[in-house]
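Below is the file target30.pdb, which contains PDB, C-alpha atoms.
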```
MODEL        1
ATOM      1  CA  MET A   1     257.062 -39.475 -20.296
ATOM      2  CA  ALA A   2     259.913 -41.775 -19.308
ATOM      3  CA  GLY A   3     262.315 -40.783 -16.567
ATOM      4  CA  PRO A   4     262.141 -38.027 -14.004
ATOM      5  CA  ILE A   5     260.795 -34.587 -14.875
ATOM      6  CA  LEU A   6     263.416 -33.065 -12.575
ATOM      7  CA  SER A   7     266.798 -34.485 -11.570
ATOM      8  CA  VAL A   8     269.022 -32.675  -9.110
ATOM      9  CA  ARG A   9     272.543 -34.079  -9.116
ATOM     10  CA  ASP A  10     275.208 -33.238  -6.523
ATOM     11  CA  LEU A  11     273.938 -29.671  -6.102
ATOM     12  CA  HIS A  12     276.155 -27.268  -4.168
ATOM     13  CA  THR A  13     274.868 -23.756  -3.389
ATOM     14  CA  HIS A  14     277.107 -21.638  -1.196
ATOM     15  CA  PHE A  15     276.921 -18.167   0.298
ATOM     16  CA  PHE A  16     280.120 -16.151   0.283
ATOM     17  CA  ALA A  17     280.284 -13.656   3.149
ATOM     18  CA  ASP A  18     283.055 -11.706   4.834
ATOM     19  CA  GLU A  19     282.849 -14.168   7.738
ATOM     20  CA  GLY A  20     283.407 -17.143   5.434
ATOM     21  CA  VAL A  21     281.541 -19.558   3.204
ATOM     22  CA  VAL A  22     278.188 -21.041   4.216
ATOM     23  CA  ARG A  23     277.549 -24.310   2.399
ATOM     24  CA  ALA A  24     273.762 -24.052   2.439
ATOM     25  CA  VAL A  25     273.305 -26.926  -0.014
ATOM     26  CA  ASP A  26     276.231 -29.319  -0.080
ATOM     27  CA  GLY A  27     275.754 -32.272  -2.399
ATOM     28  CA  THR A  28     271.979 -32.737  -2.660
ATOM     29  CA  SER A  29     270.631 -35.214  -5.225
ATOM     30  CA  PHE A  30     267.078 -36.387  -5.953
ATOM     31  CA  ASP A  31     264.625 -37.186  -8.749
ATOM     32  CA  LEU A  32     261.043 -35.996  -9.161
ATOM     33  CA  TYR A  33     258.673 -38.020 -11.327
ATOM     34  CA  ALA A  34     255.427 -36.898 -12.992
ATOM     35  CA  GLY A  35     252.363 -37.685 -10.903
ATOM     36  CA  GLN A  36     254.347 -38.257  -7.736
ATOM     37  CA  THR A  37     254.935 -36.106  -4.687
ATOM     38  CA  LEU A  38     258.410 -35.568  -3.297
ATOM     39  CA  GLY A  39     258.804 -34.219   0.207
ATOM     40  CA  ILE A  40     262.053 -32.630   1.316
ATOM     41  CA  VAL A  41     262.193 -32.453   5.080
ATOM     42  CA  GLY A  42     264.761 -31.274   7.563
ATOM     43  CA  GLU A  43     265.404 -28.931  10.416
ATOM     44  CA  SER A  44     265.271 -25.178  10.041
ATOM     45  CA  GLY A  45     268.295 -23.870   8.176
ATOM     46  CA  CYS A  46     269.263 -27.160   6.541
ATOM     47  CA  GLY A  47     268.889 -25.880   2.958
ATOM     48  CA  LYS A  48     265.376 -26.862   1.849
ATOM     49  CA  SER A  49     264.421 -23.367   0.677
ATOM     50  CA  VAL A  50     267.838 -22.724  -0.849
ATOM     51  CA  THR A  51     267.457 -25.973  -2.811
ATOM     52  CA  ALA A  52     264.075 -24.789  -4.164
ATOM     53  CA  ARG A  53     265.465 -21.341  -4.953
ATOM     54  CA  SER A  54     268.450 -22.947  -6.691
ATOM     55  CA  ILE A  55     266.138 -24.976  -8.940
ATOM     56  CA  LEU A  56     264.380 -21.770 -10.010
ATOM     57  CA  ARG A  57     267.674 -19.829 -10.237
ATOM     58  CA  ILE A  58     266.529 -17.213  -7.698
ATOM     59  CA  VAL A  59     269.226 -17.574  -5.041
ATOM     60  CA  ASP A  60     269.796 -14.258  -3.280
ATOM     61  CA  ARG A  61     273.267 -12.737  -3.284
ATOM     62  CA  PRO A  62     275.858 -13.444  -1.980
ATOM     63  CA  GLY A  63     274.752 -17.008  -2.723
ATOM     64  CA  ARG A  64     275.408 -18.906  -5.901
ATOM     65  CA  ILE A  65     275.316 -22.400  -7.302
ATOM     66  CA  VAL A  66     278.925 -23.555  -7.364
ATOM     67  CA  SER A  67     278.431 -27.012  -8.903
ATOM     68  CA  GLY A  68     275.942 -29.701  -9.761
ATOM     69  CA  GLU A  69     273.148 -30.206 -12.260
ATOM     70  CA  ILE A  70     269.461 -29.350 -12.214
ATOM     71  CA  LEU A  71     268.013 -31.233 -15.176
ATOM     72  CA  LEU A  72     264.473 -30.279 -16.185
ATOM     73  CA  ARG A  73     262.655 -32.463 -18.716
ATOM     74  CA  ARG A  74     260.442 -30.085 -20.652
ATOM     75  CA  ALA A  75     257.023 -30.865 -22.147
ATOM     76  CA  ASP A  76     258.599 -31.394 -25.587
ATOM     77  CA  GLY A  77     260.952 -34.050 -24.152
ATOM     78  CA  SER A  78     264.070 -31.896 -24.279
ATOM     79  CA  VAL A  79     266.217 -31.596 -21.170
ATOM     80  CA  VAL A  80     267.729 -28.342 -19.938
ATOM     81  CA  ASP A  81     270.298 -27.934 -17.181
ATOM     82  CA  MET A  82     268.988 -25.007 -15.146
ATOM     83  CA  VAL A  83     272.482 -24.425 -13.716
ATOM     84  CA  GLN A  84     273.700 -23.532 -17.207
ATOM     85  CA  LEU A  85     270.986 -20.907 -17.785
ATOM     86  CA  PRO A  86     271.701 -17.300 -16.826
ATOM     87  CA  ALA A  87     269.563 -16.648 -13.743
ATOM     88  CA  ASP A  88     268.159 -13.417 -15.178
ATOM     89  CA  GLY A  89     267.893 -14.698 -18.746
ATOM     90  CA  ARG A  90     264.785 -15.136 -20.855
ATOM     91  CA  ASP A  91     264.868 -18.950 -20.721
ATOM     92  CA  ALA A  92     265.060 -19.111 -16.915
ATOM     93  CA  ARG A  93     262.268 -16.534 -16.593
ATOM     94  CA  ALA A  94     260.063 -18.517 -19.006
ATOM     95  CA  ILE A  95     260.568 -21.692 -16.974
ATOM     96  CA  ARG A  96     259.788 -19.920 -13.682
ATOM     97  CA  GLY A  97     256.037 -19.873 -13.400
ATOM     98  CA  GLY A  98     255.484 -21.362 -16.834
ATOM     99  CA  GLU A  99     256.925 -24.791 -16.095
ATOM    100  CA  ILE A 100     257.877 -24.700 -12.418
ATOM    101  CA  GLY A 101     255.817 -23.026  -9.711
ATOM    102  CA  LEU A 102     256.929 -22.331  -6.159
ATOM    103  CA  VAL A 103     254.819 -21.551  -3.120
ATOM    104  CA  PHE A 104     256.946 -19.603  -0.674
ATOM    105  CA  GLN A 105     256.622 -20.371   3.017
ATOM    106  CA  GLU A 106     256.375 -16.739   4.123
ATOM    107  CA  PRO A 107     253.893 -14.879   1.903
ATOM    108  CA  MET A 108     254.490 -11.485   3.545
ATOM    109  CA  ARG A 109     258.042 -11.546   2.176
ATOM    110  CA  SER A 110     256.744 -12.243  -1.325
ATOM    111  CA  LEU A 111     253.649 -10.054  -1.465
ATOM    112  CA  SER A 112     253.847  -6.297  -1.729
ATOM    113  CA  ALA A 113     252.066  -4.247   0.936
ATOM    114  CA  PHE A 114     251.829  -1.362  -1.544
ATOM    115  CA  HIS A 115     249.885  -3.123  -4.310
ATOM    116  CA  SER A 116     246.583  -4.961  -4.164
ATOM    117  CA  ILE A 117     246.554  -8.736  -4.461
ATOM    118  CA  GLY A 118     244.808  -8.357  -7.810
ATOM    119  CA  ASN A 119     247.398  -5.939  -9.184
ATOM    120  CA  GLN A 120     250.168  -8.358  -8.250
ATOM    121  CA  LEU A 121     248.398 -11.296  -9.878
ATOM    122  CA  VAL A 122     247.490  -9.279 -12.982
ATOM    123  CA  GLU A 123     251.109  -8.156 -13.400
ATOM    124  CA  ALA A 124     252.346 -11.758 -13.230
ATOM    125  CA  ILE A 125     249.621 -13.013 -15.571
ATOM    126  CA  ARG A 126     250.374 -10.321 -18.145
ATOM    127  CA  LEU A 127     254.106 -11.005 -17.888
ATOM    128  CA  HIS A 128     253.516 -14.634 -18.910
ATOM    129  CA  SER A 129     250.587 -14.267 -21.324
ATOM    130  CA  THR A 130     249.007 -12.043 -23.941
ATOM    131  CA  LEU A 131     245.831 -11.410 -21.935
ATOM    132  CA  SER A 132     244.468  -7.884 -21.756
ATOM    133  CA  LYS A 133     244.409  -6.164 -18.374
ATOM    134  CA  LYS A 134     240.663  -6.831 -18.066
ATOM    135  CA  ALA A 135     241.016 -10.523 -18.990
ATOM    136  CA  ALA A 136     243.990 -10.878 -16.632
ATOM    137  CA  ARG A 137     241.920  -9.416 -13.794
ATOM    138  CA  GLN A 138     239.157 -11.934 -14.508
ATOM    139  CA  ARG A 139     241.766 -14.716 -14.506
ATOM    140  CA  ALA A 140     243.075 -13.421 -11.147
ATOM    141  CA  ILE A 141     239.546 -13.637  -9.686
ATOM    142  CA  GLU A 142     239.196 -17.190 -11.061
ATOM    143  CA  LEU A 143     242.508 -18.178  -9.451
ATOM    144  CA  LEU A 144     241.480 -16.713  -6.094
ATOM    145  CA  ALA A 145     238.239 -18.692  -6.276
ATOM    146  CA  MET A 146     240.120 -21.841  -7.315
ATOM    147  CA  VAL A 147     242.278 -21.745  -4.172
ATOM    148  CA  GLY A 148     239.263 -21.211  -1.914
ATOM    149  CA  ILE A 149     239.440 -17.512  -1.122
ATOM    150  CA  PRO A 150     235.954 -16.345  -0.094
ATOM    151  CA  ARG A 151     234.446 -13.446  -2.063
ATOM    152  CA  PRO A 152     237.232 -13.363  -4.676
ATOM    153  CA  GLN A 153     235.573 -10.465  -6.551
ATOM    154  CA  GLN A 154     236.109  -8.264  -3.484
ATOM    155  CA  ARG A 155     239.359  -9.796  -2.228
ATOM    156  CA  VAL A 156     241.082  -9.132  -5.548
ATOM    157  CA  ASP A 157     241.233  -5.462  -4.482
ATOM    158  CA  ALA A 158     242.521  -6.227  -0.964
ATOM    159  CA  TYR A 159     246.081  -5.648   0.189
ATOM    160  CA  SER A 160     248.151  -8.423   1.738
ATOM    161  CA  PHE A 161     247.979  -6.887   5.219
ATOM    162  CA  GLU A 162     244.176  -7.083   5.034
ATOM    163  CA  LEU A 163     244.257 -10.878   4.696
ATOM    164  CA  SER A 164     244.897 -13.561   7.288
ATOM    165  CA  GLY A 165     248.047 -15.651   7.080
ATOM    166  CA  GLY A 166     246.087 -18.540   5.616
ATOM    167  CA  LEU A 167     244.524 -16.373   2.901
ATOM    168  CA  ARG A 168     247.927 -14.875   2.064
ATOM    169  CA  GLN A 169     249.253 -18.416   1.656
ATOM    170  CA  ARG A 170     246.353 -19.160  -0.710
ATOM    171  CA  VAL A 171     247.299 -16.081  -2.754
ATOM    172  CA  MET A 172     250.802 -17.548  -3.030
ATOM    173  CA  ILE A 173     249.318 -20.834  -4.265
ATOM    174  CA  ALA A 174     247.248 -18.909  -6.823
ATOM    175  CA  THR A 175     250.415 -17.121  -7.947
ATOM    176  CA  ALA A 176     252.228 -20.438  -8.363
ATOM    177  CA  LEU A 177     249.332 -21.800 -10.448
ATOM    178  CA  LEU A 178     248.691 -18.788 -12.661
ATOM    179  CA  CYS A 179     250.768 -20.052 -15.592
ATOM    180  CA  GLU A 180     249.589 -23.643 -15.182
ATOM    181  CA  PRO A 181     253.093 -25.070 -14.600
TER     182      PRO A 181
ENDMDL
END
```

structure tokens encoding of this file:
Amino acid sequence: MAGPILSVRDLHTHFFADEGVVRAVDGTSFDLYAGQTLGIVGESGCGKSVTARSILRIVDRPGRIVSGEILLRRADGSVVDMVQLPADGRDARAIRGGEIGLVFQEPMRSLSAFHSIGNQLVEAIRLHSTLSKKAARQRAIELLAMVGIPRPQQRVDAYSFELSGGLRQRVMIATALLCEP
């Protein structure tokens, strides 16, 4: 595949609050190529997470992308500008997880304390596939094993607060991999 699989061009994501505008991402540009690793580094609060959330179209309110392009080259060679997709639309949801995965830094903010790890994985698997509940549970166990969680058959029924921080992070990696993006 020629060219980058993801091009971010002059991205601006701002948060509009009563106190004023916070320019969380203010002109970021980069390319990501297949088979390569791109690291985005910077001090706390510089916009790394907001950049990632912008790419996936999951910026929390009162934030929004105000300008720029996020060009994703899809497996069929077509290119879609993520900025032009409605954030809650079918196309953006299909790309999230299916083509782009994200491992959040703080798993306790992303995992529910009220549902088992397995239930959360099964729900996500079934949302993006046609697997039965039983097959999705088996896939969840396979994913937990794949990311190195000991005793995945038992841990699938655990709740996030029953796992260490490292194991919770592995659950987040499993979640990001479940649709094989």

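With distances restricted to all atoms listed in the file, A:Ile117 is the closest residue to A:Ser160 from A:Met172, A:Ile141, A:Ile117, A:Val122.
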
key: Point (268.0, -30.3, -17.1), cut-off 8 Å, counting all atoms listed in the file, residues as a VMD selection string   = chain A and resid 6 to 7 69 to 73 79 to 82

Got a sec: who's within 8 Å of A:Phe16, counting all atoms listed in the file, leaving out chain neighbours fewer than 4 positions off, as a compact mmCIF listing (two decimals) with C-alpha atoms, in the frame of the given file?
```
# COMPACT_ATOMS: atom_id res chain seq x y z
CA GLY A 20 283.41 -17.14 5.43
CA VAL A 21 281.54 -19.56 3.20
CA VAL A 22 278.19 -21.04 4.22
CA PRO A 62 275.86 -13.44 -1.98
CA GLY A 63 274.75 -17.01 -2.72
```

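Distance-wise, atom CA of A:Val156 and atom CA of A:Arg96 end up 23.1 Å apart.
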
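The smallest atom-to-atom distance between A:Thr13 and any of A:Leu178, A:Ala94, A:Leu127, A:Ile58, using only C-alpha atoms, is found for A:Ile58.
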
request  = Evaluate the PyMOL selection byres ((chain A and resi 142-152) around 9) and record the selected residues as a list of chain:residue names, following the chain and residue labels used in the document.
outcome  = A:Arg137, A:Gln138, A:Arg139, A:Ala140, A:Ile141, A:Gln153, A:Gln154, A:Arg155, A:Val156, A:Asp157, A:Leu167, A:Arg170, A:Val171, A:Ile173, A:Ala174, A:Thr175, A:Leu177, A:Leu178

Requested write-out: C-alpha atoms of the selected residues, as a tab-separated table (two decimals), keeping the file's coordinate frame:
```
chain	number	residue	atom	x	y	z
A	137	ARG	CA	241.92	-9.42	-13.79
A	138	GLN	CA	239.16	-11.93	-14.51
A	139	ARG	CA	241.77	-14.72	-14.51
A	140	ALA	CA	243.08	-13.42	-11.15
A	141	ILE	CA	239.55	-13.64	-9.69
A	153	GLN	CA	235.57	-10.46	-6.55
A	154	GLN	CA	236.11	-8.26	-3.48
A	155	ARG	CA	239.36	-9.80	-2.23
A	156	VAL	CA	241.08	-9.13	-5.55
A	157	ASP	CA	241.23	-5.46	-4.48
A	167	LEU	CA	244.52	-16.37	2.90
A	170	ARG	CA	246.35	-19.16	-0.71
A	171	VAL	CA	247.30	-16.08	-2.75
A	173	ILE	CA	249.32	-20.83	-4.26
A	174	ALA	CA	247.25	-18.91	-6.82
A	175	THR	CA	250.42	-17.12	-7.95
A	177	LEU	CA	249.33	-21.80	-10.45
A	178	LEU	CA	248.69	-18.79	-12.66
```

inquiry  = Report, in Å to a single decimal, how far apart atom CA of A:Arg168 and atom CA of A:Glu99 are.
reply    = 22.6 Å

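The nearest approach to A:Glu180 among the residues A:Ser112, A:Gly27, A:Leu102, A:Gly165, with all atoms listed in the file taken into account, belongs to A:Leu102.
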
request  = Check what the PyMOL selection byres ((chain A and resi 116) around 6) selects in the file above and give those residues as number ranges by chain.
outcome  = A: 115, 117-119, 157-159

Box along x, y and z, 6 Å on every side, all listed atoms of stretch 125-144 of chain A inside: centre and edge lengths in Å to one decimal, as lines of an AutoDock Vina configuration file.
```
center_x = 246.6
center_y = -12.2
center_z = -15.0
size_x = 26.9
size_y = 24.0
size_z = 29.8
```

query = atom CA of A:Gly101 and atom CA of A:Val50, how far apart in Å?
reply = 14.9 Å

task = Could you expand the PyMOL selection byres ((chain A and resi 29) around 7) into the explicit residues it covers here, written as a list in words?
result = Val8, Arg9, Asp10, Leu11, Gly27, Thr28 and Phe30 of chain A

message = Between A:Gly97, A:Gly42, A:Ser78, A:Ala17, which residue has the minimum interatomic distance to A:Arg64, considering only C-alpha atoms?
response = A:Ala17

task = Counting all atoms listed in the file, note down every residue that has an atom within 10 Å of the point (269.3, -18.9, -3.2) (file coordinates), as a ChimeraX atom specification.
result = /A:13-15,24-25,47,49-65

Selection from above, C-alpha atoms, as a PDB file, in the coordinates of the input, can you write it?
```
ATOM      1  CA  THR A  13     274.868 -23.756  -3.389  1.00  0.00           C
ATOM      2  CA  HIS A  14     277.107 -21.638  -1.196  1.00  0.00           C
ATOM      3  CA  PHE A  15     276.921 -18.167   0.298  1.00  0.00           C
ATOM      4  CA  ALA A  24     273.762 -24.052   2.439  1.00  0.00           C
ATOM      5  CA  VAL A  25     273.305 -26.926  -0.014  1.00  0.00           C
ATOM      6  CA  GLY A  47     268.889 -25.880   2.958  1.00  0.00           C
ATOM      7  CA  SER A  49     264.421 -23.367   0.677  1.00  0.00           C
ATOM      8  CA  VAL A  50     267.838 -22.724  -0.849  1.00  0.00           C
ATOM      9  CA  THR A  51     267.457 -25.973  -2.811  1.00  0.00           C
ATOM     10  CA  ALA A  52     264.075 -24.789  -4.164  1.00  0.00           C
ATOM     11  CA  ARG A  53     265.465 -21.341  -4.953  1.00  0.00           C
ATOM     12  CA  SER A  54     268.450 -22.947  -6.691  1.00  0.00           C
ATOM     13  CA  ILE A  55     266.138 -24.976  -8.940  1.00  0.00           C
ATOM     14  CA  LEU A  56     264.380 -21.770 -10.010  1.00  0.00           C
ATOM     15  CA  ARG A  57     267.674 -19.829 -10.237  1.00  0.00           C
ATOM     16  CA  ILE A  58     266.529 -17.213  -7.698  1.00  0.00           C
ATOM     17  CA  VAL A  59     269.226 -17.574  -5.041  1.00  0.00           C
ATOM     18  CA  ASP A  60     269.796 -14.258  -3.280  1.00  0.00           C
ATOM     19  CA  ARG A  61     273.267 -12.737  -3.284  1.00  0.00           C
ATOM     20  CA  PRO A  62     275.858 -13.444  -1.980  1.00  0.00           C
ATOM     21  CA  GLY A  63     274.752 -17.008  -2.723  1.00  0.00           C
ATOM     22  CA  ARG A  64     275.408 -18.906  -5.901  1.00  0.00           C
ATOM     23  CA  ILE A  65     275.316 -22.400  -7.302  1.00  0.00           C
TER      24      ILE A  65
END
```

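For the residues A:Tyr33, A:Lys133, A:His12, A:His128, ranking by smallest atom-to-atom distance to A:Arg90 using all atoms listed in the file places A:His128 first.
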
message = Considering all atoms listed in the file, can you say which of A:Asp26, A:Leu85, A:Thr130, A:Ala176 comes closest to A:Lys48?
response = A:Asp26
